[in-house]
file work-v2.txt (compact mmCIF, C-alpha atoms and all ligand atoms)
# COMPACT_ATOMS: atom_id res chain seq x y z
CA MET A 830 -23.53 -10.92 -3.51
CA THR A 831 -20.72 -13.07 -2.12
CA GLU A 832 -18.11 -14.63 -4.37
CA PRO A 833 -19.39 -17.81 -6.00
CA ASN A 834 -18.19 -20.87 -4.11
CA GLN A 835 -17.45 -23.49 -6.74
CA HIS A 836 -17.43 -27.16 -5.92
CA LEU A 837 -17.94 -30.42 -7.73
CA LYS A 838 -21.03 -32.51 -7.23
CA ASN A 839 -21.87 -36.06 -8.15
CA SER A 840 -24.48 -36.57 -10.81
CA PRO A 841 -27.69 -38.38 -9.82
CA SER A 842 -28.44 -41.70 -11.47
CA ASP A 843 -30.08 -39.99 -14.44
CA PRO A 844 -27.87 -40.67 -17.48
CA ASN A 845 -28.64 -37.19 -18.78
CA GLY A 846 -27.30 -35.56 -15.64
CA PRO A 847 -24.04 -33.69 -15.76
CA SER A 848 -20.93 -35.73 -15.16
CA LEU A 849 -18.68 -35.33 -12.14
CA GLU A 850 -16.28 -33.39 -14.32
CA THR A 851 -18.82 -31.04 -15.81
CA HIS A 852 -21.04 -30.22 -12.87
CA ILE A 853 -19.72 -27.10 -11.21
CA GLN A 854 -22.11 -25.95 -8.56
CA MET A 855 -21.94 -22.30 -7.64
CA ASP A 856 -23.39 -21.35 -4.25
CA PHE A 857 -23.77 -17.75 -5.31
CA ASP A 858 -24.99 -16.29 -2.07
CA ALA A 859 -26.37 -19.32 -0.34
CA PRO A 860 -26.16 -19.01 3.44
CA SER A 861 -23.60 -21.24 5.14
CA SER A 862 -26.40 -23.22 6.80
CA THR A 863 -26.64 -25.28 3.60
CA ALA A 864 -23.53 -27.11 4.69
CA SER A 865 -24.95 -28.33 7.99
CA SER A 866 -27.03 -31.46 8.35
CA GLY A 867 -30.63 -32.61 8.77
CA ALA A 868 -33.48 -30.17 9.30
CA MET A 869 -30.95 -27.42 10.02
CA ARG A 870 -30.11 -27.41 6.32
CA SER A 871 -33.28 -25.54 5.52
CA VAL A 872 -32.39 -22.24 3.91
CA HIS A 873 -34.52 -19.25 4.70
CA VAL A 874 -35.85 -17.98 1.41
CA GLY A 875 -38.51 -15.67 2.79
CA SER A 876 -41.44 -16.98 4.79
CA GLN A 877 -43.85 -17.05 1.86
CA GLU A 878 -41.42 -18.06 -0.88
CA VAL A 879 -41.77 -21.81 -1.06
CA VAL A 880 -40.00 -22.20 -4.40
CA GLU A 881 -36.92 -20.27 -5.37
CA LEU A 882 -34.72 -20.70 -8.42
CA ARG A 883 -31.39 -18.94 -8.07
CA ARG A 884 -29.47 -18.45 -11.27
CA ILE A 885 -30.17 -21.94 -12.62
CA HIS A 886 -28.13 -22.92 -15.68
CA ARG A 887 -28.20 -26.25 -17.51
CA PHE A 888 -26.09 -26.87 -20.56
CA PHE A 889 -26.14 -29.88 -22.86
CA GLY A 890 -22.98 -29.42 -24.90
CA ASP A 891 -23.48 -26.15 -26.74
CA THR A 892 -27.19 -26.01 -25.98
CA LYS A 893 -28.09 -23.64 -23.18
CA ALA A 894 -31.30 -25.41 -22.21
CA VAL A 895 -31.66 -23.22 -19.11
CA ASP A 896 -29.68 -20.01 -19.16
CA ASP A 897 -29.55 -18.16 -15.83
CA ILE A 898 -33.11 -18.43 -14.60
CA SER A 899 -34.20 -17.04 -11.24
CA PHE A 900 -37.69 -16.60 -9.83
CA THR A 901 -39.68 -17.24 -6.68
CA VAL A 902 -43.16 -18.60 -6.09
CA GLN A 903 -45.13 -17.79 -2.96
CA LYS A 904 -46.99 -20.27 -0.82
CA GLY A 905 -50.42 -21.13 -2.16
CA HIS A 906 -49.73 -19.54 -5.54
CA VAL A 907 -50.00 -21.14 -8.95
CA PHE A 908 -47.07 -20.23 -11.22
CA GLY A 909 -47.53 -20.80 -14.95
CA TYR A 910 -44.36 -21.66 -16.80
CA ILE A 911 -45.04 -20.77 -20.40
CA GLY A 912 -42.83 -21.27 -23.41
CA PRO A 913 -42.62 -22.80 -26.86
CA ASN A 914 -41.14 -26.22 -27.65
CA GLY A 915 -37.55 -26.52 -26.53
CA ALA A 916 -37.72 -23.42 -24.30
CA GLY A 917 -36.30 -25.22 -21.26
CA LYS A 918 -39.46 -25.85 -19.21
CA THR A 919 -38.98 -29.59 -18.71
CA THR A 920 -35.27 -29.21 -18.05
CA SER A 921 -35.80 -26.68 -15.27
CA MET A 922 -38.72 -28.63 -13.81
CA ARG A 923 -36.65 -31.81 -13.73
CA ILE A 924 -33.96 -29.89 -11.82
CA MET A 925 -36.58 -28.68 -9.33
CA ALA A 926 -37.79 -32.26 -8.99
CA THR A 927 -34.20 -33.45 -8.29
CA LEU A 928 -34.13 -35.64 -11.41
CA ASP A 929 -31.30 -33.61 -12.89
CA LEU A 930 -28.64 -31.27 -11.56
CA PRO A 931 -28.01 -27.70 -12.67
CA SER A 932 -24.72 -26.88 -14.36
CA TYR A 933 -24.64 -23.78 -12.12
CA GLY A 934 -27.02 -22.27 -9.62
CA ASP A 935 -29.43 -23.87 -7.22
CA ALA A 936 -33.13 -24.20 -6.53
CA TYR A 937 -34.84 -24.31 -3.16
CA ILE A 938 -38.07 -26.12 -2.38
CA ASP A 939 -39.55 -25.30 1.00
CA GLY A 940 -36.12 -23.94 1.84
CA PHE A 941 -34.18 -27.08 0.88
CA SER A 942 -31.55 -27.11 -1.84
CA VAL A 943 -32.12 -29.48 -4.76
CA VAL A 944 -28.35 -29.88 -4.98
CA ASN A 945 -27.48 -30.41 -1.32
CA ASP A 946 -30.71 -31.82 0.10
CA PRO A 947 -32.51 -33.79 -2.62
CA GLU A 948 -34.05 -36.22 -0.09
CA PHE A 949 -35.69 -33.38 1.82
CA VAL A 950 -36.86 -31.82 -1.42
CA ARG A 951 -38.43 -35.10 -2.60
CA SER A 952 -40.41 -35.45 0.61
CA ARG A 953 -41.97 -32.05 0.04
CA LEU A 954 -42.51 -32.15 -3.67
CA GLY A 955 -44.84 -33.98 -6.04
CA PHE A 956 -43.80 -34.14 -9.70
CA MET A 957 -46.02 -34.98 -12.63
CA PRO A 958 -43.81 -35.60 -15.69
CA ASP A 959 -44.92 -34.86 -19.23
CA SER A 960 -45.14 -38.54 -20.08
CA PHE A 961 -46.58 -41.45 -18.17
CA GLY A 962 -44.21 -44.23 -17.10
CA THR A 963 -44.88 -47.77 -18.25
CA TYR A 964 -46.56 -49.76 -15.51
CA ARG A 965 -48.87 -51.65 -17.82
CA ASP A 966 -49.77 -54.68 -15.76
CA VAL A 967 -50.96 -53.06 -12.55
CA ASN A 968 -54.33 -51.53 -11.79
CA CYS A 969 -54.87 -47.97 -10.60
CA MET A 970 -55.19 -48.84 -6.92
CA GLU A 971 -52.04 -50.98 -7.00
CA TYR A 972 -50.19 -48.18 -8.77
CA LEU A 973 -51.08 -45.56 -6.17
CA ASP A 974 -50.56 -48.01 -3.33
CA PHE A 975 -47.05 -48.73 -4.61
CA PHE A 976 -46.11 -45.05 -4.44
CA ALA A 977 -47.82 -44.60 -1.06
CA ARG A 978 -45.66 -47.42 0.34
CA ALA A 979 -42.57 -46.01 -1.35
CA TYR A 980 -43.20 -42.76 0.55
CA GLY A 981 -43.45 -44.74 3.79
CA LEU A 982 -47.19 -44.39 4.40
CA LEU A 983 -48.38 -47.16 6.67
CA GLY A 984 -51.63 -48.92 7.64
CA ARG A 985 -54.71 -46.78 8.12
CA ASP A 986 -52.89 -43.59 7.16
CA ARG A 987 -52.08 -45.13 3.79
CA GLN A 988 -55.67 -46.27 3.26
CA LYS A 989 -57.03 -42.84 4.20
CA ARG A 990 -54.60 -41.10 1.90
CA LEU A 991 -55.38 -43.44 -1.00
CA SER A 992 -59.12 -42.86 -0.55
CA TRP A 993 -58.65 -39.10 -0.43
CA VAL A 994 -56.41 -39.04 -3.51
CA MET A 995 -58.75 -41.25 -5.57
CA ASP A 996 -61.75 -39.24 -4.48
CA PHE A 997 -60.05 -35.92 -5.27
CA THR A 998 -58.79 -37.03 -8.67
CA GLY A 999 -62.01 -38.84 -9.60
CA THR A 1000 -60.32 -42.21 -9.99
CA THR A 1001 -62.28 -44.21 -7.39
CA SER A 1002 -64.54 -45.77 -9.99
CA ILE A 1003 -61.56 -47.03 -12.01
CA SER A 1004 -59.48 -48.23 -9.05
CA GLN A 1005 -59.50 -51.85 -10.29
CA LYS A 1006 -58.91 -51.00 -13.94
CA PRO A 1007 -55.53 -51.95 -15.44
CA ILE A 1008 -53.47 -48.94 -16.39
CA ARG A 1009 -53.04 -50.21 -19.94
CA GLY A 1010 -56.78 -49.68 -20.51
CA LEU A 1011 -56.89 -46.06 -19.36
CA SER A 1012 -57.70 -43.11 -21.57
CA LYS A 1013 -55.28 -40.16 -21.70
CA GLY A 1014 -57.47 -38.13 -19.33
CA MET A 1015 -57.66 -40.92 -16.78
CA LYS A 1016 -53.90 -41.47 -16.96
CA GLN A 1017 -53.40 -37.77 -16.26
CA ARG A 1018 -55.69 -38.00 -13.22
CA LEU A 1019 -53.82 -41.02 -11.95
CA CYS A 1020 -50.51 -39.27 -12.49
CA LEU A 1021 -51.77 -36.27 -10.51
CA GLY A 1022 -52.88 -38.70 -7.81
CA ARG A 1023 -49.40 -40.17 -7.70
CA ALA A 1024 -47.87 -36.70 -7.33
CA LEU A 1025 -50.26 -35.98 -4.43
CA ILE A 1026 -49.93 -39.27 -2.58
CA HIS A 1027 -47.47 -38.03 0.08
CA ASP A 1028 -49.30 -34.72 0.55
CA PRO A 1029 -46.43 -32.56 -0.75
CA SER A 1030 -46.40 -28.81 -0.16
CA VAL A 1031 -45.16 -28.14 -3.71
CA LEU A 1032 -46.49 -29.62 -6.95
CA ILE A 1033 -44.63 -29.45 -10.25
CA LEU A 1034 -46.82 -30.36 -13.19
CA ASP A 1035 -45.20 -30.61 -16.61
CA GLU A 1036 -47.88 -29.98 -19.23
CA PRO A 1037 -50.65 -31.77 -17.38
CA ALA A 1038 -53.30 -30.48 -19.79
CA ALA A 1039 -51.63 -31.79 -22.96
CA GLY A 1040 -53.99 -34.03 -24.87
CA LEU A 1041 -56.99 -33.43 -22.63
CA ASP A 1042 -60.41 -32.54 -24.01
CA PRO A 1043 -61.96 -29.17 -23.05
CA ARG A 1044 -64.05 -30.58 -20.19
CA ALA A 1045 -61.05 -32.42 -18.72
CA ARG A 1046 -59.00 -29.21 -18.96
CA ILE A 1047 -61.61 -27.30 -17.01
CA GLN A 1048 -61.74 -30.04 -14.38
CA LEU A 1049 -57.96 -30.04 -14.13
CA ARG A 1050 -57.92 -26.26 -13.66
CA ARG A 1051 -60.50 -26.59 -10.88
CA MET A 1052 -58.41 -29.25 -9.14
CA ILE A 1053 -55.30 -27.10 -9.38
CA ARG A 1054 -57.09 -24.07 -7.99
CA GLU A 1055 -58.55 -26.10 -5.14
CA LEU A 1056 -55.13 -27.49 -4.23
CA ALA A 1057 -53.60 -24.01 -4.27
CA ASP A 1058 -56.44 -22.59 -2.19
CA GLY A 1059 -55.70 -25.39 0.28
CA GLY A 1060 -52.11 -24.06 0.60
CA LYS A 1061 -50.13 -26.01 -1.97
CA THR A 1062 -47.69 -24.15 -4.17
CA ILE A 1063 -47.97 -25.23 -7.79
CA LEU A 1064 -45.82 -24.82 -10.89
CA ILE A 1065 -47.48 -25.79 -14.11
CA SER A 1066 -46.04 -25.64 -17.60
CA SER A 1067 -47.76 -25.14 -20.91
CA HIS A 1068 -47.16 -23.81 -24.40
CA ILE A 1069 -50.30 -21.79 -24.20
CA LEU A 1070 -50.69 -18.71 -22.06
CA THR A 1071 -54.47 -18.60 -22.42
CA GLU A 1072 -54.74 -22.12 -21.08
CA LEU A 1073 -53.15 -21.05 -17.80
CA ALA A 1074 -54.14 -17.41 -17.50
CA GLU A 1075 -57.26 -18.18 -15.50
CA VAL A 1076 -55.68 -20.48 -12.98
CA CYS A 1077 -52.31 -18.77 -12.42
CA ASP A 1078 -51.45 -16.09 -9.91
CA THR A 1079 -48.19 -15.39 -11.70
CA VAL A 1080 -46.58 -16.57 -14.91
CA GLY A 1081 -43.06 -16.76 -16.28
CA ILE A 1082 -42.46 -16.69 -20.01
CA ILE A 1083 -39.38 -18.65 -21.10
CA GLU A 1084 -37.73 -18.95 -24.49
CA GLN A 1085 -34.37 -20.45 -25.44
CA GLY A 1086 -33.58 -21.00 -21.78
CA LYS A 1087 -34.12 -17.34 -20.81
CA LEU A 1088 -36.89 -15.98 -18.66
CA LEU A 1089 -38.32 -13.14 -20.73
CA ALA A 1090 -41.00 -11.88 -18.37
CA THR A 1091 -42.52 -12.71 -14.98
CA GLY A 1092 -45.44 -11.34 -13.04
CA SER A 1093 -49.22 -11.49 -13.13
CA VAL A 1094 -50.75 -11.88 -16.57
CA GLU A 1095 -51.97 -8.26 -16.33
CA ASP A 1096 -48.48 -7.05 -15.35
CA ILE A 1097 -46.98 -8.78 -18.35
CA GLN A 1098 -49.64 -7.35 -20.60
CA ASP A 1099 -48.86 -3.87 -19.27
CA GLN A 1100 -45.06 -4.29 -19.35
CA LYS A 1101 -44.79 -5.91 -22.71
CA ASP A 1102 -47.62 -4.47 -24.64
CA ASN A 1103 -48.72 -0.87 -24.41
CA GLN A 1104 -50.55 -0.97 -27.72
CA HIS A 1105 -54.28 -1.58 -27.78
CA GLU A 1106 -56.49 -2.33 -30.71
CA LEU A 1107 -58.52 0.76 -31.48
CA THR A 1108 -61.68 0.76 -33.56
CA LEU A 1109 -63.19 3.96 -34.99
CA ARG A 1110 -66.50 4.29 -36.77
CA ILE A 1111 -66.33 7.24 -39.15
CA LEU A 1112 -69.57 8.16 -40.87
CA ALA A 1113 -68.70 8.81 -44.52
CA ARG A 1114 -65.19 9.40 -45.93
CA ALA A 1115 -63.70 6.54 -43.88
CA GLU A 1116 -61.01 5.88 -46.52
CA GLU A 1117 -59.98 9.51 -46.47
CA ALA A 1118 -59.83 9.46 -42.64
CA ALA A 1119 -57.58 6.40 -42.77
CA ILE A 1120 -55.13 8.12 -45.12
CA GLY A 1121 -55.22 11.24 -42.93
CA ILE A 1122 -54.44 9.30 -39.73
CA GLU A 1123 -51.56 7.56 -41.42
CA ARG A 1124 -50.08 10.88 -42.55
CA GLN A 1125 -50.74 12.71 -39.27
CA PHE A 1126 -49.81 9.98 -36.77
CA GLY A 1127 -47.61 7.69 -38.87
CA ILE A 1128 -49.77 4.64 -38.21
CA PRO A 1129 -51.01 2.39 -41.03
CA VAL A 1130 -54.79 2.21 -40.77
CA PRO A 1131 -56.79 -0.44 -42.60
CA VAL A 1132 -60.46 0.21 -43.27
CA VAL A 1133 -62.64 -2.73 -42.40
CA ASP A 1134 -66.27 -3.17 -43.11
CA GLY A 1135 -67.07 0.16 -44.84
CA ASP A 1136 -67.03 2.75 -42.07
CA LEU A 1137 -64.83 1.01 -39.51
CA LEU A 1138 -61.10 1.65 -39.03
CA ARG A 1139 -59.19 -0.80 -36.87
CA PHE A 1140 -55.56 -0.35 -35.92
CA GLU A 1141 -53.01 -0.53 -33.13
CA PHE A 1142 -52.75 2.62 -31.08
CA PRO A 1143 -50.97 3.51 -27.81
CA ASN A 1144 -52.93 2.72 -24.66
CA ASP A 1145 -52.92 6.38 -23.68
CA TYR A 1146 -56.03 8.52 -23.15
CA ALA A 1147 -54.26 11.77 -24.04
CA LYS A 1148 -53.13 10.35 -27.39
CA GLN A 1149 -56.59 8.99 -28.08
CA ALA A 1150 -58.04 12.44 -27.32
CA ASP A 1151 -55.52 14.01 -29.76
CA LEU A 1152 -56.64 11.58 -32.43
CA VAL A 1153 -60.33 12.36 -31.99
CA THR A 1154 -59.67 16.12 -31.78
CA TRP A 1155 -57.72 15.99 -35.01
CA LEU A 1156 -60.39 13.94 -36.82
CA VAL A 1157 -63.14 16.34 -35.71
CA SER A 1158 -61.00 19.34 -36.73
CA GLN A 1159 -60.79 17.80 -40.22
CA GLY A 1160 -64.55 17.49 -40.39
CA PHE A 1161 -64.77 13.70 -39.96
CA LEU A 1162 -67.85 12.44 -38.17
CA VAL A 1163 -66.54 10.19 -35.38
CA ALA A 1164 -69.49 8.06 -34.32
CA GLU A 1165 -67.73 5.49 -32.16
CA LEU A 1166 -64.36 4.76 -30.54
CA THR A 1167 -63.58 1.52 -28.75
CA THR A 1168 -60.32 0.08 -27.48
CA GLN A 1169 -59.53 -3.49 -26.74
CA ARG A 1170 -56.58 -5.08 -25.00
CA LYS A 1171 -54.61 -7.45 -27.14
CA SER A 1172 -55.42 -11.07 -26.57
CA LEU A 1173 -53.08 -13.12 -24.43
CA GLU A 1174 -51.98 -14.99 -27.51
CA ASP A 1175 -50.92 -11.70 -29.08
CA VAL A 1176 -48.97 -10.75 -25.95
CA PHE A 1177 -47.26 -14.13 -25.91
CA LEU A 1178 -46.33 -13.80 -29.56
CA HIS A 1179 -45.10 -10.29 -28.87
CA VAL A 1180 -42.91 -11.39 -25.93
CA THR A 1181 -41.45 -14.47 -27.59
CA GLU A 1182 -39.84 -14.51 -31.00
CA GLY A 1183 -40.57 -18.12 -31.87
CA LEU A 1184 -36.91 -19.04 -31.56
CA VAL A 1185 -36.02 -22.70 -31.15
CA GLN A 1186 -32.69 -24.35 -30.40
N1 LIG B 1201 -30.84 -34.80 -22.24
C1 LIG B 1201 -30.67 -33.87 -23.15
N2 LIG B 1201 -29.61 -33.89 -23.98
C2 LIG B 1201 -29.40 -32.90 -24.88
N3 LIG B 1201 -30.22 -31.86 -25.07
C3 LIG B 1201 -31.30 -31.79 -24.28
C4 LIG B 1201 -31.59 -32.78 -23.29
N4 LIG B 1201 -32.73 -32.44 -22.65
C5 LIG B 1201 -33.16 -31.28 -23.22
N5 LIG B 1201 -32.30 -30.89 -24.20
C6 LIG B 1201 -32.41 -29.70 -25.01
O1 LIG B 1201 -32.65 -28.61 -24.15
C7 LIG B 1201 -33.58 -27.69 -24.73
C8 LIG B 1201 -34.74 -27.51 -23.79
O2 LIG B 1201 -35.52 -28.69 -23.76
P1 LIG B 1201 -36.77 -28.88 -22.83
O3 LIG B 1201 -37.24 -30.28 -22.97
O4 LIG B 1201 -36.44 -28.41 -21.46
O5 LIG B 1201 -37.82 -27.86 -23.46
P2 LIG B 1201 -39.36 -27.68 -23.17
O6 LIG B 1201 -39.59 -26.23 -22.94
O7 LIG B 1201 -39.80 -28.61 -22.10
O8 LIG B 1201 -40.00 -28.09 -24.57
P3 LIG B 1201 -41.40 -28.81 -24.92
O9 LIG B 1201 -42.42 -27.73 -24.88
O10 LIG B 1201 -41.18 -29.36 -26.29
O11 LIG B 1201 -41.64 -29.88 -23.90
C9 LIG B 1201 -33.93 -28.26 -26.08
O12 LIG B 1201 -33.11 -27.67 -27.05
C10 LIG B 1201 -33.61 -29.74 -25.94
O13 LIG B 1201 -33.28 -30.30 -27.18
MG MG B 1202 -41.23 -30.11 -22.02

call {"tool": "encode", "arguments": {"input": "work-v2.txt", "output": "structure tokens"}}
result
Amino acid sequence: MTEPNQHLKNSPSDPNGPSLETHIQMDFDAPSSTASSGAMRSVHVGSQEVVELRRIHRFFGDTKAVDDISFTVQKGHVFGYIGPNGAGKTTSMRIMATLDLPSYGDAYIDGFSVVNDPEFVRSRLGFMPDSFGTYRDVNCMEYLDFFARAYGLLGRDRQKRLSWVMDFTGTTSISQKPIRGLSKGMKQRLCLGRALIHDPSVLILDEPAAGLDPRARIQLRRMIRELADGGKTILISSHILTELAEVCDTVGIIEQGKLLATGSVEDIQDQKDNQHELTLRILARAEEAAIGIERQFGIPVPVVDGDLLRFEFPNDYAKQADLVTWLVSQGFLVAELTTQRKSLEDVFLHVTEGLVQ
């Protein structure tokens, strides 16, 4: 890695952004092409890596909202950004969306730096914030049309895009409805439509499923999958791993500004949790078997439901065979052995500690 090149940057208009004095941008190993102009500013981040965070930090006073986060997302992938309240999800997504600046580090969208090339980034990125802005006196069509014009879409192209977006998000039937009369689910659809209006290659969705009913969540997941299958790269945040497990290719688990684990859900399960839940059915003397296992293997074993023992045991066939061999050698009648992976909720609880700041 090259020596960090420190320089001061202006804060964007956001009042929460770092001040001129406090924003020290470190181009850790960014290629020199970032300093040139126009399309030449694009930084090669690997042909398939459409999103890259490089050592992003964001401090608010003593709070390390984002504390040295790096990851990449490949083209056409859905990346689930999972973490409890206050973990730093919104802060890092706002940086990716060029609404805030990092205290250190940089992020690249389609090869463009959020620090040096925010205009290029905005043209390639659609952002759906966690709360809906207040545009109470316009209808849905006017709302989308406003953003289409803001992105410079003209004439027939704008009409075609509006039709596609409303069709895709299921908002055609409410196009004339005032926004103030929309349900939460419809607002979310409209917000997704707004993020899609300029056909961005990257979508950043901050808790889009919050407050939606189960059917609307399923529909949202289908839309996200369809968009990714069509080539868009999508980051989506949630508190709940299970909510995203189905739709995500990879996930990142964040807590207190730190990325604790990244990879596919299965990878994270394997990395972070090598204990499975093991159930044994012992015919007769189940209590005695439980005490024996605890003494022999040092594992507390509760007896459930008469002849069933259920406990955490290493996900290791050799160890399971040792257990059964020992039980049989002691004269216990082992009628059944089943293992089950821990649920995603359990893995999430295992990875995170429930820390808030
Ligand atoms: N503008 C700000 N000024 C001061 N502190 C802030 C600011 N924005 C965020 N923080 C703090 O940064 C930390 C991360 O907040 P952030 O909103 O990114 O978390 P989150 O993961 O999105 O949480 P949630 O799940 O509740 O939306 C929190 O401790 C929060 O209080
Ligand atoms: Mg948030």

call {"tool": "closest_residue", "arguments": {"input": "work-v2.txt", "among": "A:Val967, A:Gly912, A:Arg985, A:Val895", "to": "Ile1082 (chain A)", "atoms": "all atoms listed in the file"}}
result
A:Gly912

call {"tool": "residues_around", "arguments": {"input": "work-v2.txt", "residues": "Arg887 (chain A)", "least_positions_apart": "5", "cutoff": "8 Å", "atoms": "all atoms listed in the file", "output": "PyMOL selection string"}}
result
chain A and resi 893-896+920-921+930-933

call {"tool": "residues_around", "arguments": {"input": "work-v2.txt", "residues": "Leu1070 (chain A)", "least_positions_apart": "6", "cutoff": "10 Å", "atoms": "only C-alpha atoms", "output": "ChimeraX atom specification"}}
result
/A:909-912,1077,1080-1082,1094,1173-1178

call {"tool": "residues_around", "arguments": {"input": "work-v2.txt", "residues": "region 969-978 of chain A", "least_positions_apart": "4", "cutoff": "10 Å", "atoms": "all atoms listed in the file", "output": "number ranges by chain"}}
result
A: 964-965, 982-984, 986-988, 990-992, 994-995, 1000-1009, 1011, 1015-1016, 1019-1020, 1022-1027

call {"tool": "residues_around", "arguments": {"input": "work-v2.txt", "residues": "Ala916 (chain A)", "least_positions_apart": "6", "cutoff": "12 Å", "atoms": "all atoms listed in the file", "output": "list in words"}}
result
Thr892, Lys893, Ala894, Val895, Asp896, Ile898, Tyr910, Met922, Ser1066, Ser1067, His1068, Gly1081, Ile1082, Ile1083, Glu1084, Gln1085, Gly1086, Lys1087, Leu1088, Leu1089, Thr1181, Glu1182, Gly1183, Leu1184, Val1185 and Gln1186 of chain A

call {"tool": "closest_atom_pairs", "arguments": {"input": "work-v2.txt", "of": "chain A", "to": "ligand MG 1202 (chain B)", "cutoff": "8 Å", "atoms": "all atoms listed in the file", "output": "tab-separated table"}}
result
residue	atom	partner	partner_atom	distance
A:Asn914	CA	B:MG1202	MG	6.8
A:Gly915	CA	B:MG1202	MG	6.8
A:Ala916	CA	B:MG1202	MG	7.9
A:Gly917	CA	B:MG1202	MG	7.0
A:Lys918	CA	B:MG1202	MG	5.4
A:Thr919	CA	B:MG1202	MG	4.0
A:Thr920	CA	B:MG1202	MG	7.2
A:Asp959	CA	B:MG1202	MG	6.6
A:Asp1035	CA	B:MG1202	MG	6.7
A:Glu1036	CA	B:MG1202	MG	7.2
A:Ser1066	CA	B:MG1202	MG	7.9

call {"tool": "closest_residue", "arguments": {"input": "work-v2.txt", "among": "A:Ile1047, A:Lys989, A:Thr1108, A:Gly1040", "to": "Leu1073 (chain A)", "atoms": "only C-alpha atoms"}}
result
A:Ile1047

call {"tool": "residues_around", "arguments": {"input": "work-v2.txt", "residues": "region 1131-1133 of chain A", "least_positions_apart": "6", "cutoff": "12 Å", "atoms": "only C-alpha atoms", "output": "short mmCIF file (atom, residue, chain, number, x, y, z; two decimals) with C-alpha atoms, in the coordinates of the input"}}
result
data_model
loop_
_atom_site.label_atom_id
_atom_site.label_comp_id
_atom_site.auth_asym_id
_atom_site.auth_seq_id
_atom_site.Cartn_x
_atom_site.Cartn_y
_atom_site.Cartn_z
CA LEU A 1107 -58.52 0.76 -31.48
CA THR A 1108 -61.68 0.76 -33.56
CA LEU A 1109 -63.19 3.96 -34.99
CA ARG A 1110 -66.50 4.29 -36.77
CA ILE A 1111 -66.33 7.24 -39.15
CA ALA A 1113 -68.70 8.81 -44.52
CA ARG A 1114 -65.19 9.40 -45.93
CA ALA A 1115 -63.70 6.54 -43.88
CA GLU A 1116 -61.01 5.88 -46.52
CA GLU A 1117 -59.98 9.51 -46.47
CA ALA A 1118 -59.83 9.46 -42.64
CA ALA A 1119 -57.58 6.40 -42.77
CA ILE A 1120 -55.13 8.12 -45.12
CA GLY A 1121 -55.22 11.24 -42.93
CA ILE A 1122 -54.44 9.30 -39.73
CA GLU A 1123 -51.56 7.56 -41.42
CA ARG A 1139 -59.19 -0.80 -36.87
CA PHE A 1140 -55.56 -0.35 -35.92
CA GLU A 1141 -53.01 -0.53 -33.13
#

call {"tool": "closest_atom_pairs", "arguments": {"input": "work-v2.txt", "of": "region 908-955 of chain A", "to": "region 879-882 of chain A", "cutoff": "6 Å", "atoms": "all atoms listed in the file", "output": "tab-separated table"}}
result
residue	atom	partner	partner_atom	distance
A:Ala936	CA	A:Leu882	CA	4.3
A:Tyr937	CA	A:Glu881	CA	5.1
A:Ile938	CA	A:Val880	CA	4.8
A:Asp939	CA	A:Val879	CA	4.6

call {"tool": "axis_aligned_box", "arguments": {"input": "work-v2.txt", "around": "ligand LIG 1201 (chain B)", "padding_each_side": "6 Å", "output": "JSON"}}
result
{"center_x": -35.9, "center_y": -30.5, "center_z": -24.3, "size_x": 25.0, "size_y": 20.6, "size_z": 17.7}

call {"tool": "closest_residue", "arguments": {"input": "work-v2.txt", "among": "A:Tyr980, A:Ser942, A:Gln1048, A:Gly905", "to": "Phe997 (chain A)", "atoms": "all atoms listed in the file"}}
result
A:Gln1048

call {"tool": "atom_distance", "arguments": {"input": "work-v2.txt", "atom1": "CA of Ser1158 (chain A)", "atom2": "CA of Gly1135 (chain A)"}}
result
21.7 Å

call {"tool": "atom_distance", "arguments": {"input": "work-v2.txt", "atom1": "CA of Ile1053 (chain A)", "atom2": "atom O10 of ligand LIG 1201 (chain B)"}}
result
22.1 Å

call {"tool": "atom_distance", "arguments": {"input": "work-v2.txt", "atom1": "CA of Ala1038 (chain A)", "atom2": "CA of Gly999 (chain A)"}}
result
15.8 Å

call {"tool": "closest_residue", "arguments": {"input": "work-v2.txt", "among": "A:Ala1074, A:Leu954, A:Leu1064, A:Ile924", "to": "Gln1098 (chain A)", "atoms": "all atoms listed in the file"}}
result
A:Ala1074

call {"tool": "closest_residue", "arguments": {"input": "work-v2.txt", "among": "A:Ile1063, A:Leu1166, A:Ile1069, A:Ala1045", "to": "ligand LIG 1201 (chain B)", "atoms": "only C-alpha atoms and all ligand atoms"}}
result
A:Ile1069
